[in-house]
Amino acid sequence: ADLAVVFAHLREVEREVEVEDLALAFEPIAISRALILANQAEGFMGLGDIRRAVQGYRAALVGLGPYELAVVAPTTLFSLGVALDRSGDLDAGLEQIARARTYDPLDRRLRSDSWFYSVPHDQAWYEGVGHWLVGRRGDGDEVRMAAYERAVISFKLYIARAPEGDRYLGLARLRLAQLEKEAAAHAKRARTPTPIR
């Protein structure tokens with residue numbers, strides 16, 4: 001499992017996933033298995049195998065008790081949300097991010113020293129969908145508009161930082177256009193007074 005983390009840091013994702021299979025064959029402890037499965041799912045997402053990434057994130061959460069879920073769920077559910085978004089289902093993705101925030105409302109686990117992005121510019125995508133959720137569900141028009149603005153900035157950062165040939169770059173551009181349209185529609189509704197009946 002430690003060797004797999006080393007390969008993830010080295011961005012040798014195929015070797016990471018292979019070593020995680022070996023680690024899973026020997027690991028009997030549920031929380032340790034869950035962390036390996038979640039890390040492996042991250043590897044599959046990096047390789048562009050979204051189907052296996054989604055399966056891996058979901059498998060990581062199976063059979064865990066309340067203590068284990070409190071440790072594993074915040075980052076695993078958030079990552080599942082990103083994977084579902086990248087599979088083409090933004091709404092399901094945002095729903096998983098909302099679930100992640102029931103465990104960690106301020107995304108502290110994603111900013112902790114124990115978490116890293118195996119693809120560094122992925123941080124902008126994670127932040128973008130996190131802000132997007134607040135844009136849709138935040139409390140009050142000002143909060144929602146500010147969240148939409150931060151989401152737009154995050155996706156622009158992803159696009160600027162992603163190397164040419166990044167497997168998610170096309171979707172990031174599509175999401176940015178969708179986000180800008182949604183933000184503009186919300187701004188228009190927020191400026192329109194509610195008629196008095």
# chains A, B, ... in the order shown; residues from 1 in each chain; ligands from 1

$ residues_around --residues "segment 68-77 of chain A" --least-positions-apart "5" --cutoff "8 Å" --atoms "only C-alpha atoms" --output "VMD selection string"
chain A and resid 31 34 to 35 38 57 60 to 61 96 to 97 99 to 101 103 to 104 107 109 to 110

$ write_last_selection --atoms "N, CA, C and O atoms" --output "mmCIF file, in the first residue's frame"
data_model
loop_
_atom_site.group_PDB
_atom_site.id
_atom_site.type_symbol
_atom_site.label_atom_id
_atom_site.label_comp_id
_atom_site.auth_asym_id
_atom_site.auth_seq_id
_atom_site.Cartn_x
_atom_site.Cartn_y
_atom_site.Cartn_z
ATOM 1 N N ILE A 31 -10.887 -0.732 7.196
ATOM 2 C CA ILE A 31 -10.580 0.669 6.890
ATOM 3 C C ILE A 31 -9.352 0.786 5.990
ATOM 4 O O ILE A 31 -9.298 1.628 5.099
ATOM 5 N N ALA A 34 -10.462 -0.066 2.556
ATOM 6 C CA ALA A 34 -11.236 1.041 1.998
ATOM 7 C C ALA A 34 -10.323 2.130 1.443
ATOM 8 O O ALA A 34 -10.560 2.662 0.353
ATOM 9 N N LEU A 35 -9.273 2.443 2.180
ATOM 10 C CA LEU A 35 -8.337 3.478 1.718
ATOM 11 C C LEU A 35 -7.596 3.032 0.462
ATOM 12 O O LEU A 35 -7.394 3.834 -0.463
ATOM 13 N N ALA A 38 -10.056 3.238 -2.447
ATOM 14 C CA ALA A 38 -10.282 4.631 -2.851
ATOM 15 C C ALA A 38 -9.083 5.179 -3.619
ATOM 16 O O ALA A 38 -9.245 5.871 -4.632
ATOM 17 N N TYR A 57 -14.671 3.570 -5.929
ATOM 18 C CA TYR A 57 -15.089 4.478 -4.857
ATOM 19 C C TYR A 57 -16.275 3.899 -4.090
ATOM 20 O O TYR A 57 -16.327 3.957 -2.862
ATOM 21 N N ALA A 60 -15.218 1.043 -1.864
ATOM 22 C CA ALA A 60 -14.465 1.501 -0.692
ATOM 23 C C ALA A 60 -15.379 1.806 0.488
ATOM 24 O O ALA A 60 -14.946 1.744 1.640
ATOM 25 N N LEU A 61 -16.632 2.116 0.235
ATOM 26 C CA LEU A 61 -17.559 2.521 1.287
ATOM 27 C C LEU A 61 -18.407 1.369 1.826
ATOM 28 O O LEU A 61 -19.113 1.534 2.811
ATOM 29 N N GLN A 96 -23.292 13.428 -4.590
ATOM 30 C CA GLN A 96 -22.268 12.741 -3.788
ATOM 31 C C GLN A 96 -21.392 13.748 -3.033
ATOM 32 O O GLN A 96 -20.984 13.491 -1.890
ATOM 33 N N ILE A 97 -21.128 14.886 -3.645
ATOM 34 C CA ILE A 97 -20.354 15.924 -2.953
ATOM 35 C C ILE A 97 -21.155 16.467 -1.772
ATOM 36 O O ILE A 97 -20.602 16.707 -0.694
ATOM 37 N N ARG A 99 -23.240 14.709 -0.051
ATOM 38 C CA ARG A 99 -23.112 13.653 0.967
ATOM 39 C C ARG A 99 -21.755 13.742 1.662
ATOM 40 O O ARG A 99 -21.664 13.584 2.883
ATOM 41 N N ALA A 100 -20.700 13.994 0.886
ATOM 42 C CA ALA A 100 -19.360 14.121 1.482
ATOM 43 C C ALA A 100 -19.348 15.241 2.518
ATOM 44 O O ALA A 100 -18.726 15.122 3.576
ATOM 45 N N ARG A 101 -20.046 16.303 2.229
ATOM 46 C CA ARG A 101 -20.057 17.459 3.133
ATOM 47 C C ARG A 101 -20.913 17.240 4.371
ATOM 48 O O ARG A 101 -20.824 18.038 5.307
ATOM 49 N N TYR A 103 -20.260 14.796 6.214
ATOM 50 C CA TYR A 103 -19.175 14.334 7.082
ATOM 51 C C TYR A 103 -18.136 15.429 7.321
ATOM 52 O O TYR A 103 -17.485 15.459 8.353
ATOM 53 N N ASP A 104 -17.943 16.293 6.327
ATOM 54 C CA ASP A 104 -16.873 17.288 6.374
ATOM 55 C C ASP A 104 -17.354 18.557 5.667
ATOM 56 O O ASP A 104 -17.011 18.800 4.506
ATOM 57 N N ASP A 107 -14.695 20.779 3.827
ATOM 58 C CA ASP A 107 -13.708 20.087 2.968
ATOM 59 C C ASP A 107 -12.311 20.070 3.579
ATOM 60 O O ASP A 107 -11.307 20.129 2.872
ATOM 61 N N ARG A 109 -10.726 17.632 4.980
ATOM 62 C CA ARG A 109 -9.966 16.419 4.643
ATOM 63 C C ARG A 109 -9.258 16.566 3.295
ATOM 64 O O ARG A 109 -8.167 16.063 3.101
ATOM 65 N N LEU A 110 -9.895 17.272 2.357
ATOM 66 C CA LEU A 110 -9.271 17.488 1.050
ATOM 67 C C LEU A 110 -8.073 18.434 1.138
ATOM 68 O O LEU A 110 -7.227 18.443 0.249
#

$ closest_atom_pairs --of "segment 111-135 of chain A" --to "segment 6-12 of chain A" --cutoff "9 Å" --atoms "only C-alpha atoms" --output "tab-separated table"
residue	atom	partner	partner_atom	distance
A:Phe116	CA	A:His9	CA	8.5
A:Tyr117	CA	A:His9	CA	8.7
A:Ser118	CA	A:Ala8	CA	5.8
A:Val119	CA	A:Arg11	CA	7.7

$ select_by_dssp --residues "segment 4-161 of chain A" --states "helix (DSSP H, G or I)" --output "VMD selection string"
chain A and resid 4 to 9 13 to 26 30 to 47 50 to 61 66 to 86 90 to 103 109 to 111 122 to 137 141 to 161

$ residues_around --residues "Ala23 of chain A" --least-positions-apart "4" --cutoff "10 Å" --atoms "only C-alpha atoms" --output "PyMOL selection string"
chain A and resi 1-4+17-19+27-28+32-33+36-37

$ closest_residue --among "A:Asp141, A:Asp122, A:Asp21, A:Glu149" --to "Ala172 of chain A" --atoms "only C-alpha atoms"
A:Asp122

$ residues_around --residues "Asp85 of chain A" --least-positions-apart "4" --cutoff "10 Å" --atoms "only C-alpha atoms" --output "PDB file with all heavy atoms, in the first residue's frame"
ATOM      1  N   ILE A  50     -13.265   5.579 -16.079  1.00  0.00           N
ATOM      2  CA  ILE A  50     -14.244   6.142 -15.154  1.00  0.00           C
ATOM      3  C   ILE A  50     -15.148   5.068 -14.574  1.00  0.00           C
ATOM      4  O   ILE A  50     -15.502   5.112 -13.394  1.00  0.00           O
ATOM      5  CB  ILE A  50     -15.079   7.241 -15.854  1.00  0.00           C
ATOM      6  CG1 ILE A  50     -14.191   8.454 -16.159  1.00  0.00           C
ATOM      7  CG2 ILE A  50     -16.259   7.665 -15.015  1.00  0.00           C
ATOM      8  CD1 ILE A  50     -13.652   9.135 -14.923  1.00  0.00           C
ATOM      9  N   SER A  79     -14.611  12.389  -4.253  1.00  0.00           N
ATOM     10  CA  SER A  79     -13.984  11.856  -5.464  1.00  0.00           C
ATOM     11  C   SER A  79     -14.986  11.100  -6.327  1.00  0.00           C
ATOM     12  O   SER A  79     -14.932  11.173  -7.561  1.00  0.00           O
ATOM     13  CB  SER A  79     -12.818  10.945  -5.082  1.00  0.00           C
ATOM     14  OG  SER A  79     -11.823  11.679  -4.407  1.00  0.00           O
ATOM     15  N   LEU A  80     -15.884  10.363  -5.680  1.00  0.00           N
ATOM     16  CA  LEU A  80     -16.961   9.699  -6.426  1.00  0.00           C
ATOM     17  C   LEU A  80     -17.781  10.742  -7.173  1.00  0.00           C
ATOM     18  O   LEU A  80     -18.161  10.532  -8.331  1.00  0.00           O
ATOM     19  CB  LEU A  80     -17.840   8.886  -5.475  1.00  0.00           C
ATOM     20  CG  LEU A  80     -19.091   8.246  -6.078  1.00  0.00           C
ATOM     21  CD1 LEU A  80     -18.742   7.293  -7.227  1.00  0.00           C
ATOM     22  CD2 LEU A  80     -19.882   7.516  -4.987  1.00  0.00           C
ATOM     23  N   GLY A  81     -18.040  11.875  -6.527  1.00  0.00           N
ATOM     24  CA  GLY A  81     -18.773  12.952  -7.191  1.00  0.00           C
ATOM     25  C   GLY A  81     -18.057  13.454  -8.439  1.00  0.00           C
ATOM     26  O   GLY A  81     -18.679  13.655  -9.486  1.00  0.00           O
ATOM     27  N   ASP A  89     -22.589  12.640 -15.629  1.00  0.00           N
ATOM     28  CA  ASP A  89     -23.744  12.842 -14.763  1.00  0.00           C
ATOM     29  C   ASP A  89     -23.407  13.856 -13.667  1.00  0.00           C
ATOM     30  O   ASP A  89     -23.128  13.496 -12.525  1.00  0.00           O
ATOM     31  CB  ASP A  89     -24.182  11.511 -14.152  1.00  0.00           C
ATOM     32  CG  ASP A  89     -25.570  11.575 -13.529  1.00  0.00           C
ATOM     33  OD1 ASP A  89     -26.082  12.706 -13.316  1.00  0.00           O
ATOM     34  OD2 ASP A  89     -26.144  10.510 -13.254  1.00  0.00           O
ATOM     35  N   LEU A  90     -23.443  15.126 -14.028  1.00  0.00           N
ATOM     36  CA  LEU A  90     -23.105  16.202 -13.095  1.00  0.00           C
ATOM     37  C   LEU A  90     -24.020  16.194 -11.882  1.00  0.00           C
ATOM     38  O   LEU A  90     -23.560  16.347 -10.750  1.00  0.00           O
ATOM     39  CB  LEU A  90     -23.171  17.561 -13.804  1.00  0.00           C
ATOM     40  CG  LEU A  90     -23.041  18.792 -12.907  1.00  0.00           C
ATOM     41  CD1 LEU A  90     -21.654  18.854 -12.262  1.00  0.00           C
ATOM     42  CD2 LEU A  90     -23.318  20.064 -13.699  1.00  0.00           C
ATOM     43  N   ASP A  91     -25.321  16.016 -12.084  1.00  0.00           N
ATOM     44  CA  ASP A  91     -26.263  16.068 -10.958  1.00  0.00           C
ATOM     45  C   ASP A  91     -25.969  14.984  -9.926  1.00  0.00           C
ATOM     46  O   ASP A  91     -25.968  15.249  -8.721  1.00  0.00           O
ATOM     47  CB  ASP A  91     -27.701  15.950 -11.459  1.00  0.00           C
ATOM     48  CG  ASP A  91     -28.141  17.166 -12.266  1.00  0.00           C
ATOM     49  OD1 ASP A  91     -27.536  18.246 -12.087  1.00  0.00           O
ATOM     50  OD2 ASP A  91     -29.072  17.046 -13.082  1.00  0.00           O
ATOM     51  N   ALA A  92     -25.717  13.758 -10.390  1.00  0.00           N
ATOM     52  CA  ALA A  92     -25.368  12.672  -9.458  1.00  0.00           C
ATOM     53  C   ALA A  92     -24.048  12.978  -8.766  1.00  0.00           C
ATOM     54  O   ALA A  92     -23.874  12.685  -7.584  1.00  0.00           O
ATOM     55  CB  ALA A  92     -25.292  11.338 -10.196  1.00  0.00           C
ATOM     56  N   GLY A  93     -23.121  13.581  -9.495  1.00  0.00           N
ATOM     57  CA  GLY A  93     -21.838  13.953  -8.903  1.00  0.00           C
ATOM     58  C   GLY A  93     -21.994  14.968  -7.792  1.00  0.00           C
ATOM     59  O   GLY A  93     -21.423  14.823  -6.707  1.00  0.00           O
ATOM     60  N   LEU A  94     -22.796  15.993  -8.043  1.00  0.00           N
ATOM     61  CA  LEU A  94     -23.022  17.016  -7.015  1.00  0.00           C
ATOM     62  C   LEU A  94     -23.730  16.432  -5.805  1.00  0.00           C
ATOM     63  O   LEU A  94     -23.479  16.842  -4.668  1.00  0.00           O
ATOM     64  CB  LEU A  94     -23.807  18.195  -7.596  1.00  0.00           C
ATOM     65  CG  LEU A  94     -23.071  19.030  -8.655  1.00  0.00           C
ATOM     66  CD1 LEU A  94     -23.975  20.137  -9.185  1.00  0.00           C
ATOM     67  CD2 LEU A  94     -21.772  19.610  -8.122  1.00  0.00           C
ATOM     68  N   GLN A  96     -23.292  13.428  -4.590  1.00  0.00           N
ATOM     69  CA  GLN A  96     -22.268  12.741  -3.788  1.00  0.00           C
ATOM     70  C   GLN A  96     -21.392  13.748  -3.033  1.00  0.00           C
ATOM     71  O   GLN A  96     -20.984  13.491  -1.890  1.00  0.00           O
ATOM     72  CB  GLN A  96     -21.403  11.836  -4.671  1.00  0.00           C
ATOM     73  CG  GLN A  96     -22.151  10.668  -5.262  1.00  0.00           C
ATOM     74  CD  GLN A  96     -22.868   9.828  -4.224  1.00  0.00           C
ATOM     75  OE1 GLN A  96     -22.312   9.475  -3.192  1.00  0.00           O
ATOM     76  NE2 GLN A  96     -24.134   9.517  -4.483  1.00  0.00           N
ATOM     77  N   VAL A 129     -16.316  21.955  -8.745  1.00  0.00           N
ATOM     78  CA  VAL A 129     -17.614  21.308  -8.502  1.00  0.00           C
ATOM     79  C   VAL A 129     -18.100  21.568  -7.076  1.00  0.00           C
ATOM     80  O   VAL A 129     -19.307  21.642  -6.828  1.00  0.00           O
ATOM     81  CB  VAL A 129     -17.595  19.798  -8.829  1.00  0.00           C
ATOM     82  CG1 VAL A 129     -17.508  19.575 -10.333  1.00  0.00           C
ATOM     83  CG2 VAL A 129     -16.489  19.065  -8.104  1.00  0.00           C
ATOM     84  N   LEU A 171     -14.184  18.058 -21.633  1.00  0.00           N
ATOM     85  CA  LEU A 171     -15.315  18.120 -20.704  1.00  0.00           C
ATOM     86  C   LEU A 171     -15.215  19.358 -19.816  1.00  0.00           C
ATOM     87  O   LEU A 171     -16.227  19.985 -19.510  1.00  0.00           O
ATOM     88  CB  LEU A 171     -15.379  16.856 -19.847  1.00  0.00           C
ATOM     89  CG  LEU A 171     -16.529  16.788 -18.844  1.00  0.00           C
ATOM     90  CD1 LEU A 171     -17.888  16.892 -19.540  1.00  0.00           C
ATOM     91  CD2 LEU A 171     -16.437  15.513 -18.018  1.00  0.00           C
ATOM     92  N   ARG A 175     -18.063  22.004 -19.318  1.00  0.00           N
ATOM     93  CA  ARG A 175     -18.573  22.342 -17.991  1.00  0.00           C
ATOM     94  C   ARG A 175     -18.471  23.854 -17.743  1.00  0.00           C
ATOM     95  O   ARG A 175     -19.368  24.457 -17.146  1.00  0.00           O
ATOM     96  CB  ARG A 175     -17.805  21.589 -16.900  1.00  0.00           C
ATOM     97  CG  ARG A 175     -18.143  20.118 -16.819  1.00  0.00           C
ATOM     98  CD  ARG A 175     -19.549  19.904 -16.305  1.00  0.00           C
ATOM     99  NE  ARG A 175     -19.866  18.501 -16.115  1.00  0.00           N
ATOM    100  CZ  ARG A 175     -20.706  17.817 -16.869  1.00  0.00           C
ATOM    101  NH1 ARG A 175     -21.316  18.407 -17.882  1.00  0.00           N
ATOM    102  NH2 ARG A 175     -20.945  16.546 -16.617  1.00  0.00           N
TER     103      ARG A 175
END

$ residues_around --residues "Ile153 of chain A" --least-positions-apart "4" --cutoff "9 Å" --atoms "only C-alpha atoms" --output "PDB file with all heavy atoms, in the first residue's frame"
ATOM      1  N   ALA A 124      -8.223  21.964  -9.087  1.00  0.00           N
ATOM      2  CA  ALA A 124      -9.120  23.005  -9.597  1.00  0.00           C
ATOM      3  C   ALA A 124     -10.494  22.428  -9.939  1.00  0.00           C
ATOM      4  O   ALA A 124     -11.524  23.072  -9.706  1.00  0.00           O
ATOM      5  CB  ALA A 124      -8.502  23.681 -10.818  1.00  0.00           C
ATOM      6  N   GLY A 128     -13.883  23.435  -8.216  1.00  0.00           N
ATOM      7  CA  GLY A 128     -14.940  23.933  -9.099  1.00  0.00           C
ATOM      8  C   GLY A 128     -16.286  23.296  -8.837  1.00  0.00           C
ATOM      9  O   GLY A 128     -17.298  23.987  -8.694  1.00  0.00           O
ATOM     10  N   TYR A 148     -20.791  30.674  -7.676  1.00  0.00           N
ATOM     11  CA  TYR A 148     -20.725  30.502  -9.132  1.00  0.00           C
ATOM     12  C   TYR A 148     -19.456  31.154  -9.692  1.00  0.00           C
ATOM     13  O   TYR A 148     -18.781  30.594 -10.548  1.00  0.00           O
ATOM     14  CB  TYR A 148     -21.962  31.090  -9.812  1.00  0.00           C
ATOM     15  CG  TYR A 148     -23.150  30.160  -9.890  1.00  0.00           C
ATOM     16  CD1 TYR A 148     -24.378  30.516  -9.367  1.00  0.00           C
ATOM     17  CD2 TYR A 148     -23.046  28.912 -10.515  1.00  0.00           C
ATOM     18  CE1 TYR A 148     -25.479  29.668  -9.452  1.00  0.00           C
ATOM     19  CE2 TYR A 148     -24.134  28.063 -10.598  1.00  0.00           C
ATOM     20  CZ  TYR A 148     -25.349  28.444 -10.062  1.00  0.00           C
ATOM     21  OH  TYR A 148     -26.445  27.602 -10.152  1.00  0.00           O
ATOM     22  N   GLU A 149     -19.140  32.354  -9.205  1.00  0.00           N
ATOM     23  CA  GLU A 149     -17.933  33.043  -9.682  1.00  0.00           C
ATOM     24  C   GLU A 149     -16.676  32.235  -9.369  1.00  0.00           C
ATOM     25  O   GLU A 149     -15.781  32.110 -10.200  1.00  0.00           O
ATOM     26  CB  GLU A 149     -17.846  34.440  -9.065  1.00  0.00           C
ATOM     27  CG  GLU A 149     -18.871  35.408  -9.627  1.00  0.00           C
ATOM     28  CD  GLU A 149     -18.950  36.717  -8.855  1.00  0.00           C
ATOM     29  OE1 GLU A 149     -18.070  36.975  -8.000  1.00  0.00           O
ATOM     30  OE2 GLU A 149     -19.903  37.482  -9.097  1.00  0.00           O
ATOM     31  N   LEU A 157      -9.032  27.766 -14.289  1.00  0.00           N
ATOM     32  CA  LEU A 157      -7.709  27.328 -13.825  1.00  0.00           C
ATOM     33  C   LEU A 157      -7.400  25.918 -14.299  1.00  0.00           C
ATOM     34  O   LEU A 157      -6.275  25.625 -14.719  1.00  0.00           O
ATOM     35  CB  LEU A 157      -7.631  27.388 -12.296  1.00  0.00           C
ATOM     36  CG  LEU A 157      -7.383  28.742 -11.675  1.00  0.00           C
ATOM     37  CD1 LEU A 157      -7.501  28.668 -10.152  1.00  0.00           C
ATOM     38  CD2 LEU A 157      -6.003  29.269 -12.060  1.00  0.00           C
ATOM     39  N   TYR A 158      -8.375  25.034 -14.218  1.00  0.00           N
ATOM     40  CA  TYR A 158      -8.157  23.665 -14.700  1.00  0.00           C
ATOM     41  C   TYR A 158      -7.752  23.698 -16.168  1.00  0.00           C
ATOM     42  O   TYR A 158      -6.772  23.070 -16.572  1.00  0.00           O
ATOM     43  CB  TYR A 158      -9.420  22.809 -14.519  1.00  0.00           C
ATOM     44  CG  TYR A 158      -9.192  21.381 -14.953  1.00  0.00           C
ATOM     45  CD1 TYR A 158      -8.787  20.426 -14.031  1.00  0.00           C
ATOM     46  CD2 TYR A 158      -9.352  20.991 -16.276  1.00  0.00           C
ATOM     47  CE1 TYR A 158      -8.544  19.117 -14.423  1.00  0.00           C
ATOM     48  CE2 TYR A 158      -9.114  19.693 -16.679  1.00  0.00           C
ATOM     49  CZ  TYR A 158      -8.708  18.752 -15.748  1.00  0.00           C
ATOM     50  OH  TYR A 158      -8.451  17.464 -16.152  1.00  0.00           O
TER      51      TYR A 158
END

$ residues_around --residues "Ala187 of chain A" --least-positions-apart "5" --cutoff "10 Å" --atoms "only C-alpha atoms" --output "list of chain:residue names"
A:Asp141, A:Glu142, A:Arg144, A:Met145, A:Tyr148, A:Lys181, A:Glu182, A:Thr192

$ write_last_selection --atoms "all heavy atoms" --output "PDB file, in the first residue's frame"
ATOM      1  N   ASP A 141     -28.889  34.697  -2.373  1.00  0.00           N
ATOM      2  CA  ASP A 141     -28.402  35.013  -3.719  1.00  0.00           C
ATOM      3  C   ASP A 141     -26.942  35.439  -3.743  1.00  0.00           C
ATOM      4  O   ASP A 141     -26.198  35.077  -4.657  1.00  0.00           O
ATOM      5  CB  ASP A 141     -29.271  36.103  -4.351  1.00  0.00           C
ATOM      6  CG  ASP A 141     -30.652  35.573  -4.741  1.00  0.00           C
ATOM      7  OD1 ASP A 141     -30.757  34.374  -5.051  1.00  0.00           O
ATOM      8  OD2 ASP A 141     -31.610  36.366  -4.735  1.00  0.00           O
ATOM      9  N   GLU A 142     -26.512  36.224  -2.759  1.00  0.00           N
ATOM     10  CA  GLU A 142     -25.112  36.683  -2.754  1.00  0.00           C
ATOM     11  C   GLU A 142     -24.150  35.513  -2.585  1.00  0.00           C
ATOM     12  O   GLU A 142     -23.117  35.437  -3.256  1.00  0.00           O
ATOM     13  CB  GLU A 142     -24.893  37.724  -1.659  1.00  0.00           C
ATOM     14  CG  GLU A 142     -25.535  39.056  -1.972  1.00  0.00           C
ATOM     15  CD  GLU A 142     -25.265  40.093  -0.884  1.00  0.00           C
ATOM     16  OE1 GLU A 142     -24.308  39.919  -0.110  1.00  0.00           O
ATOM     17  OE2 GLU A 142     -26.031  41.073  -0.834  1.00  0.00           O
ATOM     18  N   ARG A 144     -24.721  32.403  -3.352  1.00  0.00           N
ATOM     19  CA  ARG A 144     -24.777  31.579  -4.563  1.00  0.00           C
ATOM     20  C   ARG A 144     -24.006  32.225  -5.711  1.00  0.00           C
ATOM     21  O   ARG A 144     -23.262  31.553  -6.418  1.00  0.00           O
ATOM     22  CB  ARG A 144     -26.233  31.320  -4.940  1.00  0.00           C
ATOM     23  CG  ARG A 144     -26.947  30.442  -3.920  1.00  0.00           C
ATOM     24  CD  ARG A 144     -28.389  30.203  -4.282  1.00  0.00           C
ATOM     25  NE  ARG A 144     -28.477  29.408  -5.504  1.00  0.00           N
ATOM     26  CZ  ARG A 144     -29.621  29.194  -6.149  1.00  0.00           C
ATOM     27  NH1 ARG A 144     -30.758  29.704  -5.712  1.00  0.00           N
ATOM     28  NH2 ARG A 144     -29.619  28.472  -7.253  1.00  0.00           N
ATOM     29  N   MET A 145     -24.150  33.537  -5.891  1.00  0.00           N
ATOM     30  CA  MET A 145     -23.432  34.203  -6.991  1.00  0.00           C
ATOM     31  C   MET A 145     -21.925  34.144  -6.766  1.00  0.00           C
ATOM     32  O   MET A 145     -21.158  33.903  -7.701  1.00  0.00           O
ATOM     33  CB  MET A 145     -23.891  35.659  -7.139  1.00  0.00           C
ATOM     34  CG  MET A 145     -25.179  35.831  -7.924  1.00  0.00           C
ATOM     35  SD  MET A 145     -25.280  34.915  -9.489  1.00  0.00           S
ATOM     36  CE  MET A 145     -23.814  35.435 -10.350  1.00  0.00           C
ATOM     37  N   TYR A 148     -20.791  30.674  -7.676  1.00  0.00           N
ATOM     38  CA  TYR A 148     -20.725  30.502  -9.132  1.00  0.00           C
ATOM     39  C   TYR A 148     -19.456  31.154  -9.692  1.00  0.00           C
ATOM     40  O   TYR A 148     -18.781  30.594 -10.548  1.00  0.00           O
ATOM     41  CB  TYR A 148     -21.962  31.090  -9.812  1.00  0.00           C
ATOM     42  CG  TYR A 148     -23.150  30.160  -9.890  1.00  0.00           C
ATOM     43  CD1 TYR A 148     -24.378  30.516  -9.367  1.00  0.00           C
ATOM     44  CD2 TYR A 148     -23.046  28.912 -10.515  1.00  0.00           C
ATOM     45  CE1 TYR A 148     -25.479  29.668  -9.452  1.00  0.00           C
ATOM     46  CE2 TYR A 148     -24.134  28.063 -10.598  1.00  0.00           C
ATOM     47  CZ  TYR A 148     -25.349  28.444 -10.062  1.00  0.00           C
ATOM     48  OH  TYR A 148     -26.445  27.602 -10.152  1.00  0.00           O
ATOM     49  N   LYS A 181     -23.392  29.745 -18.224  1.00  0.00           N
ATOM     50  CA  LYS A 181     -24.803  29.906 -18.601  1.00  0.00           C
ATOM     51  C   LYS A 181     -25.692  29.814 -17.360  1.00  0.00           C
ATOM     52  O   LYS A 181     -26.610  30.618 -17.172  1.00  0.00           O
ATOM     53  CB  LYS A 181     -25.177  28.834 -19.623  1.00  0.00           C
ATOM     54  CG  LYS A 181     -26.572  28.942 -20.168  1.00  0.00           C
ATOM     55  CD  LYS A 181     -26.817  27.879 -21.225  1.00  0.00           C
ATOM     56  CE  LYS A 181     -28.249  27.964 -21.741  1.00  0.00           C
ATOM     57  NZ  LYS A 181     -28.531  26.910 -22.728  1.00  0.00           N
ATOM     58  N   GLU A 182     -25.418  28.838 -16.510  1.00  0.00           N
ATOM     59  CA  GLU A 182     -26.202  28.655 -15.285  1.00  0.00           C
ATOM     60  C   GLU A 182     -26.042  29.854 -14.342  1.00  0.00           C
ATOM     61  O   GLU A 182     -27.009  30.320 -13.745  1.00  0.00           O
ATOM     62  CB  GLU A 182     -25.751  27.366 -14.599  1.00  0.00           C
ATOM     63  CG  GLU A 182     -26.662  26.868 -13.531  1.00  0.00           C
ATOM     64  CD  GLU A 182     -26.242  25.504 -13.002  1.00  0.00           C
ATOM     65  OE1 GLU A 182     -26.056  24.569 -13.803  1.00  0.00           O
ATOM     66  OE2 GLU A 182     -26.095  25.390 -11.774  1.00  0.00           O
ATOM     67  N   THR A 192     -34.363  39.933 -10.681  1.00  0.00           N
ATOM     68  CA  THR A 192     -35.768  40.120 -11.004  1.00  0.00           C
ATOM     69  C   THR A 192     -36.606  40.052  -9.746  1.00  0.00           C
ATOM     70  O   THR A 192     -36.631  39.030  -9.067  1.00  0.00           O
ATOM     71  CB  THR A 192     -36.258  39.017 -11.996  1.00  0.00           C
ATOM     72  OG1 THR A 192     -35.396  39.038 -13.132  1.00  0.00           O
ATOM     73  CG2 THR A 192     -37.701  39.249 -12.414  1.00  0.00           C
TER      74      THR A 192
END
